[in-house]
>>> print(open('final-v1.pdb').read())   # PDB, C-alpha atoms, pLDDT in the B column
MODEL        1
ATOM      1  CA  TYR R   1       0.000   0.000   0.000  1.00 56.00           C
ATOM      2  CA  GLY R   2       1.127   3.535  -0.715  1.00 62.00           C
ATOM      3  CA  ALA R   3      -0.438   6.889   0.071  1.00 68.00           C
ATOM      4  CA  LEU R   4      -1.606   9.052  -2.820  1.00 71.00           C
ATOM      5  CA  ASP R   5      -1.998  12.813  -2.984  1.00 75.00           C
ATOM      6  CA  SER R   6      -5.776  13.059  -3.351  1.00 81.00           C
ATOM      7  CA  GLN R   7      -5.606  16.813  -3.995  1.00 78.00           C
ATOM      8  CA  THR R   8      -8.483  17.344  -1.578  1.00 87.00           C
ATOM      9  CA  THR R   9      -9.111  17.705   2.145  1.00 89.00           C
ATOM     10  CA  ALA R  10     -12.654  16.331   1.821  1.00 92.00           C
ATOM     11  CA  HIS R  11     -13.585  13.064   3.509  1.00 91.00           C
ATOM     12  CA  LEU R  12     -13.854  10.304   0.897  1.00 92.00           C
ATOM     13  CA  HIS R  13     -16.647   7.763   1.400  1.00 94.00           C
ATOM     14  CA  GLY R  14     -16.724   5.562  -1.707  1.00 94.00           C
ATOM     15  CA  ALA R  15     -14.270   4.087  -4.197  1.00 92.00           C
ATOM     16  CA  HIS R  16     -14.772   2.217  -7.457  1.00 92.00           C
ATOM     17  CA  ILE R  17     -12.619   0.676 -10.191  1.00 89.00           C
ATOM     18  CA  THR R  18     -14.185   0.409 -13.642  1.00 89.00           C
ATOM     19  CA  SER R  19     -13.740  -2.385 -16.174  1.00 83.00           C
ATOM     20  CA  THR R  20     -11.179  -0.144 -17.927  1.00 82.00           C
ATOM     21  CA  LYS R  21      -9.183  -0.012 -14.653  1.00 81.00           C
ATOM     22  CA  GLN R  22      -9.872   3.635 -13.921  1.00 86.00           C
ATOM     23  CA  GLY R  23     -10.000   4.362 -10.198  1.00 90.00           C
ATOM     24  CA  TRP R  24     -12.649   6.695  -8.789  1.00 93.00           C
ATOM     25  CA  ALA R  25     -13.435   8.121  -5.352  1.00 94.00           C
ATOM     26  CA  VAL R  26     -16.309  10.272  -4.105  1.00 96.00           C
ATOM     27  CA  GLY R  27     -16.823  12.221  -0.900  1.00 95.00           C
ATOM     28  CA  ASP R  28     -17.963  15.305   0.931  1.00 96.00           C
ATOM     29  CA  SER R  29     -19.171  18.490  -0.749  1.00 97.00           C
ATOM     30  CA  GLY R  30     -19.576  16.944  -4.202  1.00 97.00           C
ATOM     31  CA  THR R  31     -15.995  15.658  -4.410  1.00 96.00           C
ATOM     32  CA  ILE R  32     -15.316  13.382  -7.395  1.00 96.00           C
ATOM     33  CA  LEU R  33     -11.783  12.129  -8.088  1.00 95.00           C
ATOM     34  CA  LYS R  34     -10.555  10.085 -11.044  1.00 93.00           C
ATOM     35  CA  ARG R  35      -7.268   8.216 -11.234  1.00 87.00           C
ATOM     36  CA  SER R  36      -6.129   7.301 -14.717  1.00 76.00           C
ATOM     37  CA  THR R  37      -4.286   4.111 -15.627  1.00 71.00           C
ATOM     38  CA  SER R  38      -1.090   6.202 -15.776  1.00 75.00           C
ATOM     39  CA  GLY R  39      -1.531   7.189 -12.134  1.00 76.00           C
ATOM     40  CA  GLY R  40      -2.568  10.838 -12.397  1.00 82.00           C
ATOM     41  CA  ILE R  41      -5.428  12.078 -10.182  1.00 88.00           C
ATOM     42  CA  GLU R  42      -7.961  14.559 -11.492  1.00 89.00           C
ATOM     43  CA  LYS R  43     -10.645  16.371  -9.509  1.00 91.00           C
ATOM     44  CA  LEU R  44     -13.825  16.607 -11.567  1.00 92.00           C
ATOM     45  CA  SER R  45     -16.533  19.217 -11.440  1.00 92.00           C
ATOM     46  CA  ALA R  46     -19.799  18.057  -9.862  1.00 95.00           C
ATOM     47  CA  PRO R  47     -23.245  19.605 -10.335  1.00 97.00           C
ATOM     48  CA  THR R  48     -23.843  19.453  -6.567  1.00 97.00           C
ATOM     49  CA  THR R  49     -22.221  20.230  -3.230  1.00 97.00           C
ATOM     50  CA  ALA R  50     -24.047  17.357  -1.518  1.00 98.00           C
ATOM     51  CA  HIS R  51     -21.970  14.690   0.196  1.00 98.00           C
ATOM     52  CA  LEU R  52     -21.453  11.689  -2.108  1.00 98.00           C
ATOM     53  CA  TYR R  53     -21.301   8.208  -0.609  1.00 98.00           C
ATOM     54  CA  SER R  54     -21.091   5.515  -3.292  1.00 98.00           C
ATOM     55  CA  MET R  55     -20.332   4.919  -6.961  1.00 97.00           C
ATOM     56  CA  THR R  56     -20.702   2.131  -9.507  1.00 97.00           C
ATOM     57  CA  SER R  57     -20.499   1.581 -13.258  1.00 96.00           C
ATOM     58  CA  ALA R  58     -23.094  -0.003 -15.537  1.00 93.00           C
ATOM     59  CA  PRO R  59     -22.266  -2.655 -18.163  1.00 91.00           C
ATOM     60  CA  ASP R  60     -22.437   0.030 -20.884  1.00 91.00           C
ATOM     61  CA  GLY R  61     -19.658   1.991 -19.137  1.00 93.00           C
ATOM     62  CA  SER R  62     -21.838   4.772 -17.747  1.00 96.00           C
ATOM     63  CA  LEU R  63     -21.200   5.912 -14.179  1.00 97.00           C
ATOM     64  CA  LEU R  64     -23.617   6.383 -11.276  1.00 98.00           C
ATOM     65  CA  ILE R  65     -23.081   8.167  -7.949  1.00 98.00           C
ATOM     66  CA  VAL R  66     -25.470   8.520  -4.998  1.00 98.00           C
ATOM     67  CA  GLY R  67     -25.383  10.616  -1.875  1.00 98.00           C
ATOM     68  CA  GLN R  68     -26.951  13.024   0.545  1.00 98.00           C
ATOM     69  CA  ALA R  69     -30.679  13.840   0.468  1.00 98.00           C
ATOM     70  CA  GLY R  70     -31.498  11.510  -2.424  1.00 98.00           C
ATOM     71  CA  THR R  71     -28.743  12.832  -4.681  1.00 98.00           C
ATOM     72  CA  ALA R  72     -27.989  10.803  -7.812  1.00 98.00           C
ATOM     73  CA  LEU R  73     -25.511  11.658 -10.554  1.00 98.00           C
ATOM     74  CA  HIS R  74     -25.074   9.988 -13.944  1.00 98.00           C
ATOM     75  CA  ARG R  75     -22.384  10.217 -16.602  1.00 97.00           C
ATOM     76  CA  SER R  76     -22.939   8.565 -19.959  1.00 95.00           C
ATOM     77  CA  THR R  77     -20.111   7.138 -22.022  1.00 91.00           C
ATOM     78  CA  ASP R  78     -20.361   9.952 -24.591  1.00 91.00           C
ATOM     79  CA  SER R  79     -20.221  12.823 -22.086  1.00 90.00           C
ATOM     80  CA  PRO R  80     -17.443  14.140 -19.818  1.00 89.00           C
ATOM     81  CA  GLU R  81     -19.962  15.709 -17.417  1.00 94.00           C
ATOM     82  CA  PHE R  82     -22.066  14.307 -14.593  1.00 97.00           C
ATOM     83  CA  THR R  83     -25.731  15.294 -14.552  1.00 97.00           C
ATOM     84  CA  MET R  84     -28.240  15.307 -11.699  1.00 98.00           C
ATOM     85  CA  GLU R  85     -31.083  12.776 -11.661  1.00 98.00           C
ATOM     86  CA  ASN R  86     -34.276  12.796  -9.595  1.00 98.00           C
ATOM     87  CA  THR R  87     -34.585   9.741  -7.357  1.00 98.00           C
ATOM     88  CA  GLY R  88     -37.785  10.845  -5.658  1.00 97.00           C
ATOM     89  CA  SER R  89     -36.182  10.427  -2.232  1.00 98.00           C
ATOM     90  CA  ALA R  90     -35.275  13.053   0.359  1.00 97.00           C
ATOM     91  CA  TYR R  91     -33.227  10.557   2.390  1.00 98.00           C
ATOM     92  CA  ASP R  92     -29.501   9.943   2.115  1.00 98.00           C
ATOM     93  CA  LEU R  93     -28.612   7.196  -0.359  1.00 98.00           C
ATOM     94  CA  LEU R  94     -25.705   5.252   1.120  1.00 98.00           C
ATOM     95  CA  ASP R  95     -24.909   2.685  -1.555  1.00 98.00           C
ATOM     96  CA  VAL R  96     -25.458   2.068  -5.263  1.00 98.00           C
ATOM     97  CA  PHE R  97     -24.806  -1.288  -6.931  1.00 98.00           C
ATOM     98  CA  MET R  98     -25.663  -3.254 -10.056  1.00 97.00           C
ATOM     99  CA  ASN R  99     -28.239  -6.034  -9.996  1.00 95.00           C
ATOM    100  CA  GLY R 100     -27.485  -7.498 -13.401  1.00 93.00           C
ATOM    101  CA  ASP R 101     -28.101  -4.597 -15.786  1.00 95.00           C
ATOM    102  CA  THR R 102     -30.251  -2.682 -13.278  1.00 96.00           C
ATOM    103  CA  PRO R 103     -28.743  -0.081 -10.920  1.00 97.00           C
ATOM    104  CA  MET R 104     -30.151  -0.162  -7.387  1.00 98.00           C
ATOM    105  CA  ALA R 105     -29.660   2.241  -4.475  1.00 98.00           C
ATOM    106  CA  VAL R 106     -30.298   1.886  -0.737  1.00 98.00           C
ATOM    107  CA  GLY R 107     -30.281   4.394   2.075  1.00 98.00           C
ATOM    108  CA  LYS R 108     -31.644   5.849   5.244  1.00 98.00           C
ATOM    109  CA  ASN R 109     -35.140   5.188   6.562  1.00 98.00           C
ATOM    110  CA  GLY R 110     -35.384   1.965   4.570  1.00 98.00           C
ATOM    111  CA  THR R 111     -35.008   3.648   1.185  1.00 98.00           C
ATOM    112  CA  LEU R 112     -34.852   1.305  -1.826  1.00 98.00           C
ATOM    113  CA  ALA R 113     -34.654   2.539  -5.412  1.00 98.00           C
ATOM    114  CA  LYS R 114     -33.905   1.178  -8.870  1.00 97.00           C
ATOM    115  CA  ARG R 115     -33.074   2.803 -12.206  1.00 97.00           C
ATOM    116  CA  THR R 116     -34.807   1.555 -15.361  1.00 96.00           C
ATOM    117  CA  ASP R 117     -35.165   3.299 -18.726  1.00 93.00           C
ATOM    118  CA  ASN R 118     -32.959   6.137 -17.431  1.00 93.00           C
ATOM    119  CA  GLN R 119     -35.347   6.921 -14.576  1.00 96.00           C
ATOM    120  CA  TRP R 120     -35.226   6.230 -10.871  1.00 98.00           C
ATOM    121  CA  SER R 121     -38.216   4.817  -9.017  1.00 98.00           C
ATOM    122  CA  LEU R 122     -38.688   4.060  -5.330  1.00 98.00           C
ATOM    123  CA  LEU R 123     -39.524   0.524  -4.236  1.00 97.00           C
ATOM    124  CA  GLU R 124     -41.942  -0.207  -1.431  1.00 96.00           C
ATOM    125  CA  SER R 125     -39.764  -0.978   1.559  1.00 96.00           C
ATOM    126  CA  PRO R 126     -40.783  -3.320   4.383  1.00 95.00           C
ATOM    127  CA  VAL R 127     -38.524  -1.527   6.889  1.00 97.00           C
ATOM    128  CA  TYR R 128     -37.746   1.969   8.159  1.00 97.00           C
ATOM    129  CA  VAL R 129     -34.254   1.293   9.480  1.00 98.00           C
ATOM    130  CA  ASP R 130     -31.198   2.625   7.683  1.00 98.00           C
ATOM    131  CA  LEU R 131     -30.016   0.353   4.866  1.00 98.00           C
ATOM    132  CA  HIS R 132     -26.264   0.660   4.474  1.00 98.00           C
ATOM    133  CA  ALA R 133     -25.299  -1.570   1.557  1.00 98.00           C
ATOM    134  CA  GLY R 134     -26.412  -3.963  -1.140  1.00 98.00           C
ATOM    135  CA  HIS R 135     -24.751  -6.407  -3.497  1.00 97.00           C
ATOM    136  CA  SER R 136     -25.733  -8.851  -6.218  1.00 96.00           C
ATOM    137  CA  ASN R 137     -24.030 -11.582  -8.195  1.00 94.00           C
ATOM    138  CA  GLY R 138     -26.670 -11.230 -10.925  1.00 92.00           C
ATOM    139  CA  GLU R 139     -28.984 -13.789  -9.338  1.00 92.00           C
ATOM    140  CA  THR R 140     -28.838 -13.394  -5.555  1.00 94.00           C
ATOM    141  CA  VAL R 141     -29.464  -9.881  -4.189  1.00 96.00           C
ATOM    142  CA  LEU R 142     -28.858  -8.940  -0.552  1.00 97.00           C
ATOM    143  CA  VAL R 143     -29.360  -5.606   1.217  1.00 98.00           C
ATOM    144  CA  VAL R 144     -28.206  -5.056   4.810  1.00 98.00           C
ATOM    145  CA  GLY R 145     -28.626  -2.413   7.484  1.00 98.00           C
ATOM    146  CA  ALA R 146     -29.382  -1.505  11.079  1.00 98.00           C
ATOM    147  CA  GLN R 147     -31.103  -3.752  13.635  1.00 97.00           C
ATOM    148  CA  GLY R 148     -29.722  -6.851  11.900  1.00 97.00           C
ATOM    149  CA  THR R 149     -31.880  -6.215   8.834  1.00 97.00           C
ATOM    150  CA  ILE R 150     -31.255  -8.379   5.765  1.00 97.00           C
ATOM    151  CA  LEU R 151     -33.427  -8.052   2.666  1.00 97.00           C
ATOM    152  CA  SER R 152     -33.461 -10.520  -0.211  1.00 96.00           C
ATOM    153  CA  TRP R 153     -35.709 -11.508  -3.099  1.00 92.00           C
ATOM    154  CA  ASN R 154     -37.083 -15.015  -3.587  1.00 87.00           C
ATOM    155  CA  SER R 155     -37.501 -16.868  -6.887  1.00 83.00           C
ATOM    156  CA  SER R 156     -40.940 -15.266  -7.334  1.00 86.00           C
ATOM    157  CA  GLY R 157     -39.477 -11.780  -7.046  1.00 87.00           C
ATOM    158  CA  GLU R 158     -41.002 -11.168  -3.620  1.00 92.00           C
ATOM    159  CA  MET R 159     -38.956  -9.282  -1.033  1.00 95.00           C
ATOM    160  CA  VAL R 160     -38.024 -11.257   2.072  1.00 95.00           C
ATOM    161  CA  THR R 161     -37.001  -9.656   5.385  1.00 96.00           C
ATOM    162  CA  GLU R 162     -34.688 -11.540   7.756  1.00 95.00           C
ATOM    163  CA  ILE R 163     -33.512 -10.349  11.170  1.00 93.00           C
ATOM    164  CA  ILE R 164     -30.992 -12.795  12.598  1.00 87.00           C
ATOM    165  CA  ASP R 165     -29.889 -10.568  15.493  1.00 94.00           C
ATOM    166  CA  PRO R 166     -31.675  -7.262  16.240  1.00 96.00           C
ATOM    167  CA  ALA R 167     -28.545  -6.010  18.016  1.00 96.00           C
ATOM    168  CA  ALA R 168     -26.438  -6.292  14.851  1.00 97.00           C
ATOM    169  CA  ILE R 169     -25.670  -3.347  12.583  1.00 98.00           C
ATOM    170  CA  TYR R 170     -24.471  -4.460   9.161  1.00 98.00           C
ATOM    171  CA  PHE R 171     -22.427  -2.002   7.110  1.00 98.00           C
ATOM    172  CA  ASP R 172     -21.519  -4.088   4.063  1.00 98.00           C
ATOM    173  CA  VAL R 173     -22.354  -7.306   2.235  1.00 98.00           C
ATOM    174  CA  ILE R 174     -20.577  -9.187  -0.534  1.00 96.00           C
ATOM    175  CA  VAL R 175     -22.358 -11.890  -2.550  1.00 95.00           C
ATOM    176  CA  ALA R 176     -20.047 -14.464  -4.110  1.00 92.00           C
ATOM    177  CA  GLU R 177     -20.562 -16.107  -7.502  1.00 91.00           C
ATOM    178  CA  ASP R 178     -22.033 -19.234  -5.877  1.00 92.00           C
ATOM    179  CA  GLY R 179     -24.648 -17.190  -3.978  1.00 93.00           C
ATOM    180  CA  SER R 180     -22.992 -17.337  -0.567  1.00 93.00           C
ATOM    181  CA  ALA R 181     -22.334 -14.028   1.175  1.00 95.00           C
ATOM    182  CA  THR R 182     -20.201 -12.276   3.784  1.00 95.00           C
ATOM    183  CA  LEU R 183     -21.795  -9.625   6.033  1.00 97.00           C
ATOM    184  CA  SER R 184     -19.706  -7.206   8.091  1.00 97.00           C
ATOM    185  CA  GLY R 185     -20.662  -4.630  10.655  1.00 97.00           C
ATOM    186  CA  TRP R 186     -20.503  -2.915  14.013  1.00 97.00           C
ATOM    187  CA  ALA R 187     -18.091  -4.076  16.731  1.00 97.00           C
ATOM    188  CA  GLY R 188     -16.314  -6.587  14.494  1.00 96.00           C
ATOM    189  CA  ARG R 189     -19.478  -8.346  13.384  1.00 96.00           C
ATOM    190  CA  LEU R 190     -18.665 -10.853  10.645  1.00 96.00           C
ATOM    191  CA  ASP R 191     -21.268 -13.375   9.472  1.00 96.00           C
ATOM    192  CA  SER R 192     -21.624 -15.736   6.544  1.00 95.00           C
ATOM    193  CA  ARG R 193     -24.754 -16.714   4.647  1.00 95.00           C
ATOM    194  CA  SER R 194     -24.720 -19.935   2.641  1.00 95.00           C
ATOM    195  CA  LYS R 195     -26.221 -20.118  -0.830  1.00 92.00           C
ATOM    196  CA  ASP R 196     -29.156 -21.921   0.820  1.00 91.00           C
ATOM    197  CA  GLY R 197     -29.756 -19.017   3.205  1.00 91.00           C
ATOM    198  CA  GLU R 198     -28.220 -20.495   6.361  1.00 94.00           C
ATOM    199  CA  PHE R 199     -26.394 -18.013   8.617  1.00 94.00           C
ATOM    200  CA  SER R 200     -23.346 -18.604  10.795  1.00 95.00           C
ATOM    201  CA  SER R 201     -20.836 -16.444  12.668  1.00 95.00           C
ATOM    202  CA  MET R 202     -17.307 -16.091  11.327  1.00 94.00           C
ATOM    203  CA  THR R 203     -14.167 -15.584  13.373  1.00 93.00           C
ATOM    204  CA  SER R 204     -13.538 -11.846  13.336  1.00 93.00           C
ATOM    205  CA  PRO R 205     -10.057 -10.310  13.533  1.00 92.00           C
ATOM    206  CA  THR R 206     -11.288  -7.336  15.577  1.00 94.00           C
ATOM    207  CA  LEU R 207     -13.849  -5.748  17.872  1.00 95.00           C
ATOM    208  CA  LYS R 208     -13.660  -2.582  15.795  1.00 95.00           C
ATOM    209  CA  SER R 209     -16.453  -1.857  13.353  1.00 96.00           C
ATOM    210  CA  ILE R 210     -15.918  -3.285   9.858  1.00 96.00           C
ATOM    211  CA  TYR R 211     -17.295  -0.861   7.282  1.00 95.00           C
ATOM    212  CA  ALA R 212     -16.260  -2.513   4.023  1.00 94.00           C
ATOM    213  CA  ALA R 213     -15.634  -6.036   2.758  1.00 92.00           C
ATOM    214  CA  GLU R 214     -14.467  -7.420  -0.565  1.00 89.00           C
ATOM    215  CA  HIS R 215     -13.867 -10.908  -1.945  1.00 83.00           C
ATOM    216  CA  PHE R 216     -10.942 -11.481  -4.268  1.00 74.00           C
ATOM    217  CA  LYS R 217     -10.459 -15.033  -5.519  1.00 72.00           C
ATOM    218  CA  ASN R 218     -10.126 -17.037  -2.279  1.00 75.00           C
ATOM    219  CA  ALA R 219      -9.331 -14.076  -0.036  1.00 83.00           C
ATOM    220  CA  LEU R 220     -11.309 -11.621   2.078  1.00 88.00           C
ATOM    221  CA  LEU R 221     -10.290  -7.977   2.498  1.00 88.00           C
ATOM    222  CA  LEU R 222     -11.868  -5.934   5.316  1.00 92.00           C
ATOM    223  CA  GLY R 223     -11.624  -2.218   6.074  1.00 91.00           C
ATOM    224  CA  GLY R 224     -12.813  -0.585   9.252  1.00 92.00           C
ATOM    225  CA  GLN R 225     -12.646   1.750  12.179  1.00 91.00           C
ATOM    226  CA  SER R 226      -9.453   3.666  13.069  1.00 85.00           C
ATOM    227  CA  HIS R 227      -7.920   3.207   9.600  1.00 77.00           C
ATOM    228  CA  ALA R 228      -7.728  -0.564  10.099  1.00 85.00           C
ATOM    229  CA  LEU R 229      -7.348  -3.061   7.249  1.00 85.00           C
ATOM    230  CA  TRP R 230      -7.454  -6.868   7.458  1.00 89.00           C
ATOM    231  CA  HIS R 231      -6.668  -9.560   4.912  1.00 85.00           C
ATOM    232  CA  HIS R 232      -7.657 -13.224   5.199  1.00 82.00           C
ATOM    233  CA  THR R 233      -6.641 -16.070   2.865  1.00 79.00           C
ATOM    234  CA  GLY R 234      -7.029 -19.810   2.858  1.00 55.00           C
ATOM    235  CA  GLY R 235     -10.753 -20.224   2.371  1.00 48.00           C
ATOM    236  CA  LEU R 236     -13.883 -18.340   3.393  1.00 45.00           C
TER     237      LEU R 236
ENDMDL
END
>>> encode(input="final-v1.pdb", output="structure tokens")
Amino acid sequence: YGALDSQTTAHLHGAHITSTKQGWAVGDSGTILKRSTSGGIEKLSAPTTAHLYSMTSAPDGSLLIVGQAGTALHRSTDSPEFTMENTGSAYDLLDVFMNGDTPMAVGKNGTLAKRTDNQWSLLESPVYVDLHAGHSNGETVLVVGAQGTILSWNSSGEMVTEIIDPAAIYFDVIVAEDGSATLSGWAGRLDSRSKDGEFSSMTSPTLKSIYAAEHFKNALLLGGQSHALWHHTGGL
């Protein structure tokens, strides 16, 4: 690991690497940073000063960012500029992710949204707790949040709510190709969900909160409180 000059003093909340290996980061006060494959970092102009929390890219190469008070930004492949989009939500959107070809966003007060035909629409949510993150492998979709909330969709397309432990606060979820998942959260919470929906606790390396998790091949990378980073290999 090596530190980079981000050219900003803003807090950065989300990072994303596109299929063309461009690195992006978003953060407070409309901050958008792009790192080229040659290593240079560029600060881009944003059409908002809202805090930005998460970013993803669609299969067509377009970019999506979500943030404070329902903010959503979009940049098409044929434009260098980000434009504002109306999500219909006044609540903070904390994560945006791809469910196949469909972008989805989750946020505070149980907010769920999806983007189809270049328009955002709100989904009826069964909960009012904050939803912190979502992830999909193209078939299995999981959304996690406060009070141990886990949302999924069954084979009929119906939303299912699971609460394994009301004391848990989940901050991130990663769904593997086989449909199994890793959930991370407050006070070192680290759980696994089998492809059949069975939950079990994992050995956690810390009692600090784990805010981000990522699978890579047969390894697990965790990032958390107090600038901590953990790496686990040898099977999940």
>>> closest_residue(input="final-v1.pdb", among="R:Ala25, R:Val144, R:Ala46, R:Ala69", to="Ser89 (chain R)", atoms="all atoms listed in the file")
R:Ala69
>>> closest_atom_pairs(input="final-v1.pdb", of="region 101-167 of chain R", to="region 212-225 of chain R", cutoff="12 Å", atoms="all atoms listed in the file", output="CSV")
residue,atom,partner,partner_atom,distance
R:His132,CA,R:Ala212,CA,10.5
R:Ala133,CA,R:Ala212,CA,9.4
R:Gly134,CA,R:Ala212,CA,11.5
R:His135,CA,R:Glu214,CA,10.7
R:Asn137,CA,R:His215,CA,12.0
>>> residues_around(input="final-v1.pdb", residues="Ser155 (chain R)", least_positions_apart="5", cutoff="12 Å", atoms="all atoms listed in the file", output="ChimeraX atom specification")
/R:139-141,160
>>> write_last_selection(input="final-v1.pdb", atoms="C-alpha atoms", output="PDB file, keeping the file's coordinate frame")
ATOM      1  CA  GLU R 139     -28.984 -13.789  -9.338  1.00 92.00           C
ATOM      2  CA  THR R 140     -28.838 -13.394  -5.555  1.00 94.00           C
ATOM      3  CA  VAL R 141     -29.464  -9.881  -4.189  1.00 96.00           C
ATOM      4  CA  VAL R 160     -38.024 -11.257   2.072  1.00 95.00           C
TER       5      VAL R 160
END
>>> closest_residue(input="final-v1.pdb", among="R:Leu94, R:Leu64, R:Val106, R:Leu131", to="Asn118 (chain R)", atoms="only C-alpha atoms")
R:Leu64
>>> closest_residue(input="final-v1.pdb", among="R:His74, R:Lys21, R:Lys195, R:His13", to="Ser36 (chain R)", atoms="all atoms listed in the file")
R:Lys21
>>> atom_distance(input="final-v1.pdb", atom1="CA of Met104 (chain R)", atom2="CA of Glu81 (chain R)")
21.4 Å
>>> decode(input="final-v1.pdb", residues="region 118-125 of chain R", atoms="all heavy atoms", output="CSV table (one decimal), in the first residue's frame")
chain,number,residue,atom,x,y,z
R,118,ASN,N,-33.6,4.8,-17.8
R,118,ASN,CA,-33.0,6.1,-17.4
R,118,ASN,C,-33.7,6.9,-16.4
R,118,ASN,O,-33.6,8.1,-16.3
R,118,ASN,CB,-32.8,7.0,-18.7
R,118,ASN,CG,-31.9,6.3,-19.7
R,118,ASN,OD1,-30.9,5.7,-19.3
R,118,ASN,ND2,-32.2,6.5,-21.0
R,119,GLN,N,-34.6,6.2,-15.6
R,119,GLN,CA,-35.3,6.9,-14.6
R,119,GLN,C,-35.3,6.1,-13.3
R,119,GLN,O,-35.3,4.9,-13.3
R,119,GLN,CB,-36.8,7.1,-15.0
R,119,GLN,CG,-37.0,8.1,-16.1
R,119,GLN,CD,-38.5,8.4,-16.3
R,119,GLN,OE1,-39.3,7.6,-16.1
R,119,GLN,NE2,-38.8,9.6,-16.8
R,120,TRP,N,-35.2,6.9,-12.2
R,120,TRP,CA,-35.2,6.2,-10.9
R,120,TRP,C,-36.7,6.1,-10.4
R,120,TRP,O,-37.5,7.0,-10.6
R,120,TRP,CB,-34.4,7.1,-9.9
R,120,TRP,CG,-33.0,7.0,-10.0
R,120,TRP,CD1,-32.2,7.9,-10.7
R,120,TRP,CD2,-32.1,6.0,-9.5
R,120,TRP,NE1,-30.9,7.5,-10.7
R,120,TRP,CE2,-30.8,6.3,-9.9
R,120,TRP,CE3,-32.3,4.8,-8.8
R,120,TRP,CZ2,-29.7,5.6,-9.6
R,120,TRP,CZ3,-31.2,4.1,-8.4
R,120,TRP,CH2,-29.9,4.4,-8.9
R,121,SER,N,-36.9,5.0,-9.7
R,121,SER,CA,-38.2,4.8,-9.0
R,121,SER,C,-38.0,4.2,-7.7
R,121,SER,O,-37.1,3.4,-7.5
R,121,SER,CB,-39.1,3.9,-9.9
R,121,SER,OG,-38.6,2.7,-10.1
R,122,LEU,N,-38.8,4.6,-6.7
R,122,LEU,CA,-38.7,4.1,-5.3
R,122,LEU,C,-39.5,2.8,-5.2
R,122,LEU,O,-40.5,2.6,-5.8
R,122,LEU,CB,-39.2,5.1,-4.3
R,122,LEU,CG,-38.5,6.4,-4.2
R,122,LEU,CD1,-39.1,7.3,-3.2
R,122,LEU,CD2,-37.0,6.1,-3.8
R,123,LEU,N,-38.9,1.8,-4.5
R,123,LEU,CA,-39.5,0.5,-4.2
R,123,LEU,C,-40.2,0.6,-2.9
R,123,LEU,O,-39.7,1.3,-2.0
R,123,LEU,CB,-38.5,-0.6,-4.3
R,123,LEU,CG,-37.7,-0.8,-5.5
R,123,LEU,CD1,-36.7,-1.9,-5.4
R,123,LEU,CD2,-38.6,-1.0,-6.7
R,124,GLU,N,-41.3,-0.1,-2.7
R,124,GLU,CA,-41.9,-0.2,-1.4
R,124,GLU,C,-41.1,-1.0,-0.5
R,124,GLU,O,-40.7,-2.1,-0.7
R,124,GLU,CB,-43.3,-0.9,-1.6
R,124,GLU,CG,-44.1,-0.9,-0.3
R,124,GLU,CD,-45.5,-1.4,-0.4
R,124,GLU,OE1,-45.9,-1.7,-1.6
R,124,GLU,OE2,-46.2,-1.7,0.6
R,125,SER,N,-40.7,-0.4,0.6
R,125,SER,CA,-39.8,-1.0,1.6
R,125,SER,C,-40.5,-1.5,2.8
R,125,SER,O,-41.4,-0.9,3.3
R,125,SER,CB,-38.7,0.0,2.1
R,125,SER,OG,-37.9,-0.6,3.0
